[in-house]
Amino acid sequence: MKRIFRVTMIIGTWVASFSAHAQLYQAQNGEVSFFSKTPLENIDAVSKSVNSIMNVATNEIAVQMRITSFVFPNKLMQEHFNENYLESEKFPMASFKGKIKEAVDLKKAGTYPVTAAGTATIHGVTKPIEIKGTIVSDGTQLQLSSQFDVRLQDYQIDIPKIVFAKIAEVIEVKSKIQFTQKK
Amino acid sequence: MAHTSMAQEDLMAMLDKESSKEMVYTQATFKGSRLINGQTIETIAKKHLNFWISHRFGAVNSGFLENFFGLDEARIRLGLEYGITDQWLLGAGRSSIEKSYDFYTKYKVLKQSNKMPVSVAAYGSLILNTMPTGYTMPTGTLMRFYNDQQRQSFVGQLLIARKMNEKLSLQIMPSVLHNNLSETPYHENTLTSVGFGGRYKLSNRLSISAEYYKNLVDKKAYLAKSGEVYPYQDSFALGFDIETGGHVFQLHFSNSRGMIEKHFIGQTTGTWANGDIFYGFNIARTFSFDPEAKKTHK
């Protein structure tokens with residue numbers, strides 16, 4: 001009797017963990033890019049190694065990216081971005097965590113316009129943020145795309161006056177993240 | 001509500017676990033590919049071009065009326081360097097000292113990361129002296145060339161650096177300099193030297209740097225053979241790096257006037273103790289020739 005109980009427990013735990021896992025969707029090569037048009041030169045960069053994880057049971061999402069993974073066409077700009085503006089040695093990661101406000105079942109195939117409410121952490125500063133985007137689901141894979149603006153001032157990113165004309169105060173950020181079910 | 005944010009924390013903890021396994025390379029050990037006179041482990045990015053303008057003025061102790069504290073007599077070097085890959089650069093320059101042309105290459109062999117304690121680069125240079133034969137060196141030696149080989153000098157260097165923390169980077173530079181023609185029969189053709197250098201960031205755009213080359217020369221043997229005191233000194237320089245957008249300004253004081261290894265390692269005559277201090281600057285401007293430049297953001 002005791003033995004049967006124990007086996008049931010083990011199977012029960014295993015099934016529970018399986019179903020919990022089945023709710024998790026993961027992405028390791030998500031793309032986040034940002035862009036700012038200025039009179040002198042355009043500033044743009046892309047990271048193609050953004051990690052993200054989504055729980056479709058609760059519609060919660062976490063996104064994390066390494067600041068040094070952003071690639072700029074101009075390497076000097078990339079160095080300044082890391083050394084002077086985002087201070088990647090002190091604050092190596094930027095992240096977002098939040099919850100999708102709409103009641104959507106992402107396990108059902110379809111295209112869903114969504115709004116994620118949560119907090120973003122950039123340059124060591126955490127701020128509440130709402131991000132609008134679209135999720136395309138085919139049942140096993142999710143494609144998330146979103147676009148939002150980041151005000152440099154909100155995250156205490158200091159731009160010296162000497163280069164002020166070169167850098168806009170608001171940066172347009174885009175993301176494209178492909179999730180697959182976590183095994 | 002408390003439960004919700006807990007679950008978000010759990011998701012973030014899973015991401016933290018993922019990212020802790022990633023290889024993270026150290027960035028910007030030094031501001032430029034040159035520390036003061038000599039090289040750093042830094043190379044330049046692929047398809048990027050650096051234009052270097054360097055000046056060394058006369059000694060600050062050379063008088064106000066005679067020389068306006070040295071500003072009247074400048075030595076200059078103009079140089080270009082180009083990144084073939086992110087690790088490999090080619091460069092060339094022309095110094096007014098001994099009308100020298102220098103051609104060099106630098107390759108970054110190892111890159112410091114969370115799994116590698118140091119960055120290592122190899123540097124090699126060929127120097128051509130194009131002075132008319134029979135000129136007098138600052139030491140008084142008359143230099144005569146009988147063929148073009150005698151005008152050539154070679155430099156080999158291993159650059160080993162570690163960014164200790166966000167502010168402090170240190171570098172050690174074992175170096176060999178070979179002159180095909182030695183200045184006198186008492187001078188060795190080959191000089192070995194060990195360089196030590198570093199920089200400390202005072203702010204995001206300002207850092208202080210220092211560079212010292214200890215020459216491994218048997219000065220007693222030279223004195224015994226030639227009956228004269230060895231004329232050259234170890235090079236020591238102190239400077240500031242100031243960064244503004246696309247430029248790096250390096251302002252410094254040094255007992256050397258040369259801007260290439262042959263001159264500052266091999267032919268430094270001044271000493272700090274005597275006030276033979278030369279004020280100088282380097283300006284580097286970087287240009288990007290990457291045609292991918294406009295395509296990143298879709």
# chains A, B, ... in the order shown; residues from 1 in each chain; ligands from 1
>>> residues_around(residues="segment 141-149 of chain A", least_positions_apart="3", cutoff="9 Å", atoms="only C-alpha atoms", output="list in words")
Tyr25, Leu106, Lys107, Glu130, Ile131, Lys132, Gly133, Thr134, Ile135, Val136, Ser137, Asp138, Val170, Ile171, Glu172, Val173, Lys174, Ser175, Lys176, Ile177, Gln178, Phe179, Thr180 and Gln181 of chain A
>>> interface_residues(of="chain A", to="chain B", cutoff="9 Å", atoms="only C-alpha atoms", output="compact mmCIF listing (two decimals) with N, CA and C atoms, in the first residue's frame")
# COMPACT_ATOMS: atom_id res chain seq x y z
N SER A 33 15.99 45.60 -31.50
CA SER A 33 16.79 46.64 -32.16
C SER A 33 16.26 47.99 -31.74
N PHE A 34 17.12 49.00 -31.81
CA PHE A 34 16.63 50.34 -31.55
C PHE A 34 17.18 51.31 -32.58
N PHE A 35 16.49 52.41 -32.70
CA PHE A 35 16.77 53.33 -33.78
C PHE A 35 16.50 54.75 -33.32
N ASN A 42 22.36 58.54 -38.05
CA ASN A 42 21.37 57.67 -37.44
C ASN A 42 22.06 56.72 -36.48
N ASP A 44 21.67 53.17 -34.74
CA ASP A 44 20.89 51.95 -34.70
C ASP A 44 21.76 50.78 -34.27
N ALA A 45 21.11 49.83 -33.62
CA ALA A 45 21.84 48.67 -33.11
C ALA A 45 20.87 47.52 -32.98
N VAL A 46 21.40 46.32 -33.02
CA VAL A 46 20.55 45.15 -32.88
C VAL A 46 21.25 44.09 -32.03
N ASN A 51 17.12 36.64 -24.59
CA ASN A 51 16.48 35.51 -23.94
C ASN A 51 15.11 35.93 -23.42
N SER A 52 14.15 35.03 -23.58
CA SER A 52 12.83 35.35 -23.07
C SER A 52 12.11 34.07 -22.69
N ILE A 53 11.19 34.21 -21.77
CA ILE A 53 10.40 33.04 -21.36
C ILE A 53 8.99 33.51 -21.06
N MET A 54 8.00 32.71 -21.50
CA MET A 54 6.61 33.12 -21.34
C MET A 54 5.84 31.95 -20.76
N ASN A 55 4.96 32.26 -19.82
CA ASN A 55 4.10 31.24 -19.24
C ASN A 55 2.68 31.47 -19.79
N THR A 58 -0.42 31.68 -17.27
CA THR A 58 -0.68 32.92 -16.55
C THR A 58 -0.50 34.15 -17.43
N GLU A 60 2.31 35.42 -18.33
CA GLU A 60 3.39 36.24 -17.82
C GLU A 60 4.62 36.08 -18.71
N ILE A 61 5.40 37.14 -18.78
CA ILE A 61 6.55 37.12 -19.68
C ILE A 61 7.76 37.80 -19.01
N ALA A 62 8.95 37.25 -19.27
CA ALA A 62 10.19 37.89 -18.83
C ALA A 62 11.13 37.93 -20.03
N VAL A 63 11.78 39.07 -20.22
CA VAL A 63 12.71 39.25 -21.34
C VAL A 63 14.02 39.78 -20.77
N GLN A 64 15.13 39.23 -21.24
CA GLN A 64 16.40 39.70 -20.72
C GLN A 64 17.42 39.76 -21.86
N MET A 65 18.21 40.83 -21.88
CA MET A 65 19.23 40.94 -22.94
C MET A 65 20.51 41.52 -22.35
N ARG A 66 21.61 41.07 -22.91
CA ARG A 66 22.91 41.55 -22.47
C ARG A 66 23.25 42.82 -23.26
N THR A 68 26.06 44.20 -23.90
CA THR A 68 27.19 44.05 -24.83
C THR A 68 26.82 43.26 -26.08
N VAL A 71 24.89 45.10 -31.39
CA VAL A 71 25.91 45.34 -32.42
C VAL A 71 25.53 46.61 -33.18
N PHE A 72 26.49 47.53 -33.24
CA PHE A 72 26.31 48.78 -34.00
C PHE A 72 27.14 48.68 -35.27
N PRO A 73 26.68 49.29 -36.36
CA PRO A 73 27.53 49.33 -37.56
C PRO A 73 28.80 50.14 -37.29
N ASN A 74 28.70 51.15 -36.47
CA ASN A 74 29.86 51.96 -36.11
C ASN A 74 30.38 51.50 -34.75
N LYS A 75 31.58 50.90 -34.75
CA LYS A 75 32.10 50.26 -33.54
C LYS A 75 32.46 51.27 -32.45
N LEU A 76 32.79 52.47 -32.87
CA LEU A 76 33.12 53.51 -31.89
C LEU A 76 31.85 53.86 -31.11
N MET A 77 30.75 53.92 -31.86
CA MET A 77 29.46 54.19 -31.25
C MET A 77 29.11 53.07 -30.26
N GLU A 79 31.21 51.23 -28.65
CA GLU A 79 32.03 51.37 -27.45
C GLU A 79 31.48 52.47 -26.54
N HIS A 80 31.07 53.58 -27.14
CA HIS A 80 30.49 54.66 -26.34
C HIS A 80 29.20 54.22 -25.66
N ASN A 82 28.41 51.26 -24.66
CA ASN A 82 28.73 50.41 -23.52
C ASN A 82 29.45 51.15 -22.41
N GLU A 83 30.43 51.96 -22.80
CA GLU A 83 31.30 52.59 -21.81
C GLU A 83 30.65 53.82 -21.17
N ASN A 84 29.98 54.63 -21.98
CA ASN A 84 29.56 55.94 -21.48
C ASN A 84 28.08 56.03 -21.17
N TYR A 85 27.24 55.40 -21.98
CA TYR A 85 25.81 55.65 -21.83
C TYR A 85 25.12 54.57 -21.01
N GLU A 87 26.75 51.97 -19.56
CA GLU A 87 27.69 51.49 -18.53
C GLU A 87 27.53 49.99 -18.30
N GLU A 89 29.42 47.56 -17.89
CA GLU A 89 30.20 46.84 -16.88
C GLU A 89 29.44 46.86 -15.53
N LYS A 90 28.83 48.00 -15.24
CA LYS A 90 28.06 48.13 -14.00
C LYS A 90 26.68 47.49 -14.13
N SER A 95 16.18 44.33 -18.90
CA SER A 95 15.14 43.30 -18.82
C SER A 95 13.76 43.91 -18.76
N PHE A 96 12.80 43.06 -19.02
CA PHE A 96 11.39 43.42 -18.86
C PHE A 96 10.68 42.23 -18.23
N LYS A 97 9.81 42.50 -17.27
CA LYS A 97 8.93 41.44 -16.81
C LYS A 97 7.53 42.00 -16.63
N GLY A 98 6.57 41.19 -17.03
CA GLY A 98 5.20 41.70 -16.97
C GLY A 98 4.19 40.64 -17.29
N LYS A 99 2.96 41.11 -17.50
CA LYS A 99 1.84 40.21 -17.71
C LYS A 99 0.97 40.78 -18.82
N ILE A 162 27.91 68.07 -25.46
CA ILE A 162 28.73 68.14 -26.67
C ILE A 162 28.22 67.21 -27.77
N VAL A 163 27.60 66.10 -27.38
CA VAL A 163 27.08 65.18 -28.40
C VAL A 163 25.55 65.16 -28.40
N LYS A 174 12.35 48.13 -31.16
CA LYS A 174 11.52 47.09 -31.79
C LYS A 174 11.99 45.73 -31.33
>>> atom_distance(atom1="atom CA of Pro132 of chain B", atom2="atom CA of Gln149 of chain B")
14.3 Å
>>> residues_around(residues="Glu102 of chain A", least_positions_apart="5", cutoff="9 Å", atoms="only C-alpha atoms", output="list in words")
Asn59, Pro113, Val114, Thr115 and Ala116 of chain A
>>> select_by_dssp(residues="chain A", states="alpha helix (DSSP H)", output="ChimeraX atom specification")
/A:2-22,75-80
>>> atom_distance(atom1="atom CA of Asp102 of chain B", atom2="atom CA of Arg199 of chain B")
25.7 Å
>>> closest_residue(among="A:Ala94, A:Gln78, A:Phe70, A:Asp158", to="Thr119 of chain A", atoms="only C-alpha atoms")
A:Ala94
>>> decode(residues="segment 236-258 of chain B", atoms="N, CA, C and O atoms", output="JSON list (two decimals), in the first residue's frame")
[["chain", "number", "residue", "atom", "x", "y", "z"],
["B", 236, "PHE", "N", 59.72, 56.96, -20.45],
["B", 236, "PHE", "CA", 58.60, 57.02, -19.50],
["B", 236, "PHE", "C", 57.65, 58.14, -19.93],
["B", 236, "PHE", "O", 58.07, 59.24, -20.23],
["B", 237, "ALA", "N", 56.39, 57.84, -19.97],
["B", 237, "ALA", "CA", 55.40, 58.83, -20.40],
["B", 237, "ALA", "C", 54.18, 58.78, -19.51],
["B", 237, "ALA", "O", 53.79, 57.73, -19.01],
["B", 238, "LEU", "N", 53.58, 59.95, -19.31],
["B", 238, "LEU", "CA", 52.36, 60.10, -18.53],
["B", 238, "LEU", "C", 51.37, 60.90, -19.35],
["B", 238, "LEU", "O", 51.77, 61.89, -19.97],
["B", 239, "GLY", "N", 50.12, 60.51, -19.36],
["B", 239, "GLY", "CA", 49.20, 61.27, -20.19],
["B", 239, "GLY", "C", 47.75, 61.16, -19.81],
["B", 239, "GLY", "O", 47.39, 60.44, -18.88],
["B", 240, "PHE", "N", 46.95, 61.91, -20.53],
["B", 240, "PHE", "CA", 45.50, 61.87, -20.37],
["B", 240, "PHE", "C", 44.86, 61.48, -21.70],
["B", 240, "PHE", "O", 45.32, 61.92, -22.75],
["B", 241, "ASP", "N", 43.83, 60.68, -21.64],
["B", 241, "ASP", "CA", 43.00, 60.40, -22.81],
["B", 241, "ASP", "C", 41.67, 61.11, -22.62],
["B", 241, "ASP", "O", 41.02, 60.95, -21.61],
["B", 242, "ILE", "N", 41.30, 61.90, -23.62],
["B", 242, "ILE", "CA", 40.02, 62.59, -23.57],
["B", 242, "ILE", "C", 39.23, 62.15, -24.78],
["B", 242, "ILE", "O", 39.75, 62.18, -25.90],
["B", 243, "GLU", "N", 37.98, 61.77, -24.54],
["B", 243, "GLU", "CA", 37.20, 61.24, -25.63],
["B", 243, "GLU", "C", 36.02, 62.15, -25.92],
["B", 243, "GLU", "O", 35.31, 62.55, -25.01],
["B", 244, "THR", "N", 35.85, 62.50, -27.18],
["B", 244, "THR", "CA", 34.69, 63.31, -27.57],
["B", 244, "THR", "C", 34.14, 62.72, -28.85],
["B", 244, "THR", "O", 34.74, 62.84, -29.89],
["B", 245, "GLY", "N", 33.02, 62.07, -28.77],
["B", 245, "GLY", "CA", 32.39, 61.51, -29.97],
["B", 245, "GLY", "C", 33.32, 60.65, -30.78],
["B", 245, "GLY", "O", 33.81, 59.65, -30.29],
["B", 246, "GLY", "N", 33.61, 61.04, -32.00],
["B", 246, "GLY", "CA", 34.42, 60.23, -32.89],
["B", 246, "GLY", "C", 35.92, 60.40, -32.73],
["B", 246, "GLY", "O", 36.69, 59.84, -33.49],
["B", 247, "HIS", "N", 36.35, 61.21, -31.76],
["B", 247, "HIS", "CA", 37.77, 61.46, -31.58],
["B", 247, "HIS", "C", 38.28, 60.94, -30.25],
["B", 247, "HIS", "O", 37.56, 60.90, -29.28],
["B", 248, "VAL", "N", 39.57, 60.58, -30.24],
["B", 248, "VAL", "CA", 40.26, 60.40, -28.97],
["B", 248, "VAL", "C", 41.44, 61.36, -28.98],
["B", 248, "VAL", "O", 42.23, 61.38, -29.92],
["B", 249, "PHE", "N", 41.52, 62.20, -27.95],
["B", 249, "PHE", "CA", 42.67, 63.08, -27.78],
["B", 249, "PHE", "C", 43.55, 62.49, -26.70],
["B", 249, "PHE", "O", 43.06, 62.15, -25.62],
["B", 250, "GLN", "N", 44.82, 62.35, -26.98],
["B", 250, "GLN", "CA", 45.76, 61.90, -25.96],
["B", 250, "GLN", "C", 46.78, 63.00, -25.77],
["B", 250, "GLN", "O", 47.48, 63.37, -26.70],
["B", 251, "LEU", "N", 46.82, 63.54, -24.55],
["B", 251, "LEU", "CA", 47.77, 64.61, -24.24],
["B", 251, "LEU", "C", 48.76, 64.03, -23.25],
["B", 251, "LEU", "O", 48.37, 63.38, -22.29],
["B", 252, "HIS", "N", 50.06, 64.28, -23.46],
["B", 252, "HIS", "CA", 51.00, 63.62, -22.56],
["B", 252, "HIS", "C", 52.35, 64.32, -22.45],
["B", 252, "HIS", "O", 52.70, 65.18, -23.25],
["B", 253, "PHE", "N", 53.08, 63.90, -21.43],
["B", 253, "PHE", "CA", 54.45, 64.33, -21.21],
["B", 253, "PHE", "C", 55.32, 63.10, -21.24],
["B", 253, "PHE", "O", 54.97, 62.06, -20.69],
["B", 254, "SER", "N", 56.50, 63.23, -21.91],
["B", 254, "SER", "CA", 57.35, 62.06, -22.04],
["B", 254, "SER", "C", 58.79, 62.54, -22.18],
["B", 254, "SER", "O", 59.04, 63.66, -22.63],
["B", 255, "ASN", "N", 59.74, 61.69, -21.79],
["B", 255, "ASN", "CA", 61.14, 62.04, -22.05],
["B", 255, "ASN", "C", 61.57, 61.59, -23.45],
["B", 255, "ASN", "O", 62.72, 61.75, -23.83],
["B", 256, "SER", "N", 60.62, 61.02, -24.20],
["B", 256, "SER", "CA", 60.92, 60.59, -25.57],
["B", 256, "SER", "C", 60.26, 61.54, -26.57],
["B", 256, "SER", "O", 59.19, 62.07, -26.31],
["B", 257, "ARG", "N", 60.92, 61.71, -27.70],
["B", 257, "ARG", "CA", 60.28, 62.50, -28.76],
["B", 257, "ARG", "C", 59.77, 61.61, -29.88],
["B", 257, "ARG", "O", 59.06, 62.08, -30.75],
["B", 258, "GLY", "N", 60.20, 60.36, -29.86],
["B", 258, "GLY", "CA", 59.81, 59.47, -30.94],
["B", 258, "GLY", "C", 58.40, 58.95, -30.75],
["B", 258, "GLY", "O", 57.91, 58.85, -29.64]]
